[in-house]
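Asker: I am attaching a structure below and will ask some questions about it afterwards.
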Amino acid sequence: MTQKTCILVGAPVDSGKRRRGCLMGPDALRTAGLGQSLRDLGHSVTDFGNVQPTPFEPDSEGQTLHALNETIAWTKALCDIAQSTCEAGFPIFMGGDHSLSAGTVSGVANYAAKVGRKLFVLWLDAHTDFHTPDSTDSGNLHGTPVAYVVGKDGFEGFPAVRNTVPEENICMIGLRSVDAAERATLQTTQIRRHDMREIDENGIAKPLAAFLKDVAAQNGLLHVSLDVDFLDPSEAPAVGTTVPGGATVREAHLVMEMLHDSGLVTSMDLVELNPFLDERGRTAKLIVDLAASALGRRVFDRTTRSFT
């Protein structure tokens with residue numbers, strides 16, 4: 001196994017939606033032993049600490065878009081941090097709600113362009129997050145990062161995306177909550193998308209293997225963005241956007257072990273963990289286990305855990 005220089009970056013973003021709690025996510029992952037789990041695998045681990053947003057004007061009460069100025073400030077800060085940490089090692093961005101990926105993915109894309117390689121993104125999520133600020137009904141900006149990084153219009157005030165991610169370089173797996181507007185828009189794109197019905201019918205390995213084959217063929221960098229709601233809420237309850245019918249623990253570990261076997265992953269988001277909704281740290285520990293699988297832990301390495 002290739003040893004990595006893992007850089008843990010806390011991104012306590014809680015502006016992308018109205019339900020509070022994701023700001024506690026980075027510390028929950030630390031407490032659940034993320035750093036030690038990676039050290040046990042032989043990786044070097046540095047904790048960067050928690051990022052702070054750039055200065056911003058307070059958001060007005062009652063505006064259509066929730067915490068717009070704050071989310072823009074987080075995007076600016078995380079874009080810069082993502083590029084610099086990619087230059088130093090293997091960053092793991094600990095969220096924080098999924099709006100943080102507007103910053104992390106755009107920053108990683110800037111790094112990929114700098115080193116002359118293509119960026120690919122694996123989006124493990126119940127949702128496509130392909131709304132724009134103009135199309136979202138909820139006004140929650142955690143539903144917009146994919147549209148932002150591919151260069152869709154409507155993101156006035158956000159930093160310009162210097163290196164957009166080509167649609168065909170994005171693969172979404174685990175979808176099961178996609179509204180009509182997103183569905184219609186996605187059908188006009190080249191984004192690869194695999195919902196849970198397809199996974200139930202054909203398995204989760206087949207679409208992932210096809211995507212990884214393309215990443216390898218093009219010598220791409222691979223960013224993985226793992227949303228807690230990719231998993232079934234019976235397995236991972238600590239998320240504010242619970243959607244029944246998600247991936248099982250077995251399927252999720254298979255995905256992560258395939259990612260490790262590929263040797264292609266160069267950065268990762270762990271997002272939407274809301275410890276306020278967890279059951280004695282159950283979800284945080286599961287996310288730590290999945291991250292460890294992506295970085296080399298095999299099934300025989302796992303200890304039996306009791307929650308009693």
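Letters A, B, ... mark the chains of the structure tokens in the order given; residue numbers begin at 1 per chain; ligand numbers begin at 1, in order shown.
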Write out, as JSON lines, each residue of segment 184-239 of chain A that has an atom at most 8 Å from segment 262-266 of chain A, together with the closest pair of atoms and their distance in Å to one decimal, counting only C-alpha atoms, rows going by chain and rising number.
Answerer:
```
{"residue": "A:Leu212", "atom": "CA", "partner": "A:Ser262", "partner_atom": "CA", "distance": 7.1}
{"residue": "A:Val215", "atom": "CA", "partner": "A:Leu264", "partner_atom": "CA", "distance": 7.6}
{"residue": "A:Ala216", "atom": "CA", "partner": "A:Leu264", "partner_atom": "CA", "distance": 7.1}
{"residue": "A:Gly220", "atom": "CA", "partner": "A:Leu264", "partner_atom": "CA", "distance": 7.6}
{"residue": "A:Leu221", "atom": "CA", "partner": "A:Thr266", "partner_atom": "CA", "distance": 6.0}
{"residue": "A:Leu222", "atom": "CA", "partner": "A:Val265", "partner_atom": "CA", "distance": 4.7}
{"residue": "A:His223", "atom": "CA", "partner": "A:Thr266", "partner_atom": "CA", "distance": 6.0}
{"residue": "A:Val224", "atom": "CA", "partner": "A:Val265", "partner_atom": "CA", "distance": 7.0}
```
Asker: Against segment 190-198 of chain A, which residues of segment 22-131 of chain A fall within 10 Å? For each one I want the closest pair of atoms and the distance in Å (one decimal), counting only C-alpha atoms, rows by chain and increasing residue number, as a tab-separated table.
Answerer:
```
residue	atom	partner	partner_atom	distance
A:Leu122	CA	A:Arg192	CA	9.6
A:Trp123	CA	A:Arg193	CA	9.1
A:Leu124	CA	A:His194	CA	9.9
A:Asp125	CA	A:Asp195	CA	9.7
A:Ala126	CA	A:Asp195	CA	8.2
A:His127	CA	A:Asp195	CA	9.6
A:Thr128	CA	A:Arg193	CA	8.5
```
Asker: Just write the chosen residues, N, CA and C atoms, as a CSV table (one decimal), in the first residue's frame.
Answerer:
```
chain,number,residue,atom,x,y,z
A,122,LEU,N,-16.2,11.9,-8.1
A,122,LEU,CA,-17.2,10.9,-7.7
A,122,LEU,C,-18.1,11.4,-6.7
A,123,TRP,N,-19.4,11.6,-7.0
A,123,TRP,CA,-20.4,12.2,-6.1
A,123,TRP,C,-21.2,11.1,-5.5
A,124,LEU,N,-21.0,10.8,-4.2
A,124,LEU,CA,-21.7,9.7,-3.5
A,124,LEU,C,-22.8,10.4,-2.7
A,125,ASP,N,-24.0,10.4,-3.1
A,125,ASP,CA,-25.1,11.3,-2.5
A,125,ASP,C,-26.4,10.8,-2.9
A,126,ALA,N,-27.4,11.0,-2.1
A,126,ALA,CA,-28.8,10.8,-2.5
A,126,ALA,C,-29.3,11.8,-3.4
A,127,HIS,N,-28.6,13.0,-3.5
A,127,HIS,CA,-29.1,14.1,-4.3
A,127,HIS,C,-28.0,14.5,-5.3
A,128,THR,N,-28.5,15.2,-6.4
A,128,THR,CA,-27.6,15.6,-7.4
A,128,THR,C,-26.9,16.9,-7.1
```
Asker: Could you pull the residues within 6 Å of Thr144 of chain A, counting only C-alpha atoms, minus those fewer than 2 positions along the same chain, as a compact mmCIF listing (two decimals) with all heavy atoms, in the first residue's frame?
Answerer:
```txt
# COMPACT_ATOMS: atom_id res chain seq x y z
N ASP A 129 -27.46 17.70 -6.24
CA ASP A 129 -26.91 19.02 -5.89
C ASP A 129 -26.60 19.83 -7.14
O ASP A 129 -25.56 20.49 -7.24
CB ASP A 129 -25.66 18.87 -5.01
CG ASP A 129 -25.98 18.26 -3.66
OD1 ASP A 129 -27.16 18.29 -3.26
OD2 ASP A 129 -25.07 17.74 -3.00
N PHE A 130 -27.54 19.78 -8.08
CA PHE A 130 -27.35 20.42 -9.38
C PHE A 130 -28.27 21.61 -9.58
O PHE A 130 -28.48 22.06 -10.70
CB PHE A 130 -27.55 19.38 -10.50
CG PHE A 130 -26.89 19.75 -11.79
CD1 PHE A 130 -25.52 19.90 -11.87
CD2 PHE A 130 -27.65 19.92 -12.94
CE1 PHE A 130 -24.90 20.24 -13.07
CE2 PHE A 130 -27.04 20.25 -14.15
CZ PHE A 130 -25.67 20.41 -14.20
N HIS A 131 -28.84 22.11 -8.50
CA HIS A 131 -29.60 23.36 -8.59
C HIS A 131 -28.64 24.54 -8.73
O HIS A 131 -27.45 24.45 -8.40
CB HIS A 131 -30.46 23.56 -7.34
CG HIS A 131 -31.80 22.92 -7.42
ND1 HIS A 131 -32.76 23.29 -8.34
CD2 HIS A 131 -32.34 21.91 -6.70
CE1 HIS A 131 -33.84 22.56 -8.17
NE2 HIS A 131 -33.61 21.71 -7.19
N THR A 132 -29.16 25.64 -9.22
CA THR A 132 -28.46 26.92 -9.18
C THR A 132 -29.21 27.81 -8.19
O THR A 132 -30.34 27.50 -7.78
CB THR A 132 -28.45 27.60 -10.56
OG1 THR A 132 -29.79 28.02 -10.89
CG2 THR A 132 -27.93 26.66 -11.64
N LEU A 141 -28.26 26.40 -0.20
CA LEU A 141 -27.18 26.34 -1.18
C LEU A 141 -26.36 25.06 -1.11
O LEU A 141 -25.49 24.85 -1.96
CB LEU A 141 -26.27 27.56 -1.01
CG LEU A 141 -26.95 28.88 -1.41
CD1 LEU A 141 -26.12 30.08 -0.96
CD2 LEU A 141 -27.20 28.94 -2.92
N HIS A 142 -26.65 24.17 -0.16
CA HIS A 142 -25.97 22.87 -0.19
C HIS A 142 -26.47 22.02 -1.34
O HIS A 142 -25.90 20.95 -1.62
CB HIS A 142 -26.07 22.13 1.14
CG HIS A 142 -27.43 21.62 1.50
ND1 HIS A 142 -27.63 20.69 2.49
CD2 HIS A 142 -28.67 21.92 1.03
CE1 HIS A 142 -28.92 20.42 2.60
NE2 HIS A 142 -29.57 21.15 1.73
N VAL A 146 -22.54 21.17 -7.43
CA VAL A 146 -22.17 20.57 -8.71
C VAL A 146 -22.44 21.54 -9.86
O VAL A 146 -21.62 21.68 -10.78
CB VAL A 146 -22.91 19.24 -8.94
CG1 VAL A 146 -22.55 18.65 -10.30
CG2 VAL A 146 -22.57 18.24 -7.84
N ALA A 147 -23.56 22.23 -9.80
CA ALA A 147 -23.86 23.22 -10.83
C ALA A 147 -22.79 24.31 -10.86
O ALA A 147 -22.40 24.80 -11.92
CB ALA A 147 -25.23 23.84 -10.59
```
Asker: For Arg19 of chain A, list every protein, DNA or RNA residue within 12 Å, evaluated using only C-alpha atoms, and leave out those in the same chain fewer than 5 positions away; present the list as a list in words.
Answerer: Val13, Asp14, His66, Ala67, Gly96, Asp97, Asn140, His142, Val239, Gly240, Thr241, Glu272, Leu273, Asn274, Phe276 and Leu277 of chain A
Asker: I need the residue nearest Arg297 of chain A from this list: A:Arg183, A:His253, A:Lys213, A:Lys17. Use only C-alpha atoms for the distance.
Answerer: A:His253
Asker: What is the distance, in Å and to one decimal place, between atom CA of Gly154 of chain A and atom CA of Ala181 of chain A?
Answerer: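 These atoms are spaced 14.9 Å apart.
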Asker: DSSP on the backbone, then: every residue of segment 162-289 of chain A marked helix (DSSP H, G or I), written as an MDAnalysis selection string.
Answerer: chainID A and resid 167:169 180:186 196:202 205:217 228:230 249:262 275:277 282:289
Asker: Take atom CA of Ser293 of chain A and atom CA of Met258 of chain A and report the distance between them in Å, one decimal.
Answerer: 9.0 Å
Asker: Can you measure atom CA of Gly103 of chain A to atom CA of Val165 of chain A for me? One decimal in Å is fine.
Answerer: 12.7 Å
Asker: Within 8 Å of Glu279 of chain A, counting only C-alpha atoms, which residues show up once you throw out same-chain ones fewer than 2 positions away? Write them as JSON, numbers by chain, please.
Answerer: {"A": [237, 238, 277, 281, 282, 283]}
Asker: May I have the residues from that selection written out with C-alpha atoms, as a JSON list (two decimals), in the first residue's frame?
Answerer:
```json
[["chain", "number", "residue", "atom", "x", "y", "z"],
["A", 237, "PRO", "CA", -28.90, 8.60, 11.10],
["A", 238, "ALA", "CA", -26.80, 11.75, 11.69],
["A", 277, "LEU", "CA", -28.74, 13.91, 15.21],
["A", 281, "GLY", "CA", -21.39, 8.66, 17.62],
["A", 282, "ARG", "CA", -22.60, 5.80, 15.45],
["A", 283, "THR", "CA", -22.56, 7.71, 12.17]]
```
Asker: Would you kindly return, as a ChimeraX atom specification, each protein, DNA or RNA residue with an atom no farther than 10 Å from any atom of segment 69-80 of chain A, considering only C-alpha atoms and excluding same-chain residues fewer than 3 positions away?
Answerer: /A:9,11-17,51-60,65-66,83-85,93,99-111,141-142,145,155-161
Asker: Using only C-alpha atoms, tabulate the residues of segment 215-244 of chain A lying at most 9 Å from any atom of segment 174-178 of chain A, each with its closest atom pair and that distance in Å to one decimal, by chain and increasing residue number, as CSV.
Answerer:
```
residue,atom,partner,partner_atom,distance
A:Asp229,CA,A:Gly174,CA,8.9
A:Phe230,CA,A:Gly174,CA,5.8
A:Leu231,CA,A:Gly174,CA,8.2
A:Val243,CA,A:Ser177,CA,7.1
A:Pro244,CA,A:Arg176,CA,8.5
```
Asker: Would you list, as a ChimeraX atom specification, the residues of segment 92-213 of chain A that end up in strand (DSSP E or B) under DSSP run on this structure's backbone?
Answerer: /A:92-95,119-124,170-175,192-195
Asker: With N, CA, C and O atoms retained, could you export that selection as a tab-separated table (two decimals), in the first residue's frame?
Answerer:
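Writing done, so here's part.tsv:
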```tsv
chain	number	residue	atom	x	y	z
A	92	ILE	N	-8.24	15.67	3.20
A	92	ILE	CA	-9.56	15.14	3.53
A	92	ILE	C	-10.31	16.28	4.20
A	92	ILE	O	-9.96	16.73	5.29
A	93	PHE	N	-11.33	16.78	3.52
A	93	PHE	CA	-12.09	17.92	4.00
A	93	PHE	C	-13.26	17.42	4.84
A	93	PHE	O	-14.16	16.75	4.33
A	94	MET	N	-13.23	17.75	6.11
A	94	MET	CA	-14.22	17.25	7.06
A	94	MET	C	-15.30	18.30	7.26
A	94	MET	O	-15.07	19.37	7.83
A	95	GLY	N	-16.51	17.99	6.74
A	95	GLY	CA	-17.60	18.93	6.85
A	95	GLY	C	-18.44	18.72	8.08
A	95	GLY	O	-18.23	17.78	8.84
A	119	LEU	N	-9.36	16.58	-13.85
A	119	LEU	CA	-10.02	16.25	-12.59
A	119	LEU	C	-11.30	15.49	-12.86
A	119	LEU	O	-12.11	15.88	-13.70
A	120	PHE	N	-11.49	14.43	-12.09
A	120	PHE	CA	-12.73	13.66	-12.10
A	120	PHE	C	-13.33	13.73	-10.69
A	120	PHE	O	-12.59	13.83	-9.70
A	121	VAL	N	-14.66	13.67	-10.62
A	121	VAL	CA	-15.35	13.79	-9.33
A	121	VAL	C	-16.35	12.65	-9.19
A	121	VAL	O	-17.21	12.45	-10.05
A	122	LEU	N	-16.22	11.90	-8.09
A	122	LEU	CA	-17.21	10.88	-7.73
A	122	LEU	C	-18.10	11.45	-6.65
A	122	LEU	O	-17.62	11.79	-5.56
A	123	TRP	N	-19.39	11.57	-6.95
A	123	TRP	CA	-20.36	12.21	-6.08
A	123	TRP	C	-21.24	11.12	-5.46
A	123	TRP	O	-22.13	10.57	-6.12
A	124	LEU	N	-20.99	10.77	-4.21
A	124	LEU	CA	-21.75	9.73	-3.51
A	124	LEU	C	-22.80	10.41	-2.66
A	124	LEU	O	-22.51	10.95	-1.60
A	170	ILE	N	-17.81	13.73	-14.19
A	170	ILE	CA	-18.52	13.61	-12.92
A	170	ILE	C	-19.39	12.37	-12.95
A	170	ILE	O	-20.12	12.12	-13.91
A	171	CYS	N	-19.31	11.59	-11.88
A	171	CYS	CA	-20.14	10.39	-11.75
A	171	CYS	C	-20.88	10.45	-10.42
A	171	CYS	O	-20.26	10.57	-9.36
A	172	MET	N	-22.21	10.37	-10.49
A	172	MET	CA	-23.05	10.39	-9.30
A	172	MET	C	-23.59	8.99	-9.03
A	172	MET	O	-24.17	8.37	-9.94
A	173	ILE	N	-23.41	8.51	-7.82
A	173	ILE	CA	-23.90	7.18	-7.45
A	173	ILE	C	-24.69	7.29	-6.15
A	173	ILE	O	-24.27	7.96	-5.21
A	174	GLY	N	-25.86	6.64	-6.13
A	174	GLY	CA	-26.68	6.61	-4.92
A	174	GLY	C	-27.91	7.49	-4.99
A	174	GLY	O	-28.62	7.64	-3.99
A	175	LEU	N	-28.21	8.06	-6.15
A	175	LEU	CA	-29.30	9.02	-6.27
A	175	LEU	C	-30.65	8.38	-5.95
A	175	LEU	O	-30.96	7.27	-6.38
A	192	ARG	N	-22.59	11.47	-15.53
A	192	ARG	CA	-22.96	10.08	-15.34
A	192	ARG	C	-23.75	9.98	-14.03
A	192	ARG	O	-23.31	10.49	-13.00
A	193	ARG	N	-24.87	9.35	-14.07
A	193	ARG	CA	-25.73	9.32	-12.89
A	193	ARG	C	-26.35	7.92	-12.74
A	193	ARG	O	-26.86	7.34	-13.70
A	194	HIS	N	-26.30	7.42	-11.51
A	194	HIS	CA	-26.75	6.06	-11.23
A	194	HIS	C	-27.60	6.09	-9.97
A	194	HIS	O	-27.11	6.38	-8.88
A	195	ASP	N	-28.89	5.81	-10.14
A	195	ASP	CA	-29.79	5.86	-8.99
A	195	ASP	C	-29.85	4.49	-8.31
A	195	ASP	O	-29.26	3.51	-8.77
```
Asker: Nearest to Leu29 of chain A among A:Met256, A:Leu208, A:Leu8, A:Leu68, with distances taken over only C-alpha atoms: which residue is it?
Answerer: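 Of A:Met256, A:Leu208, A:Leu8, A:Leu68, the one nearest Leu29 of chain A, counting only C-alpha atoms, is A:Leu8.
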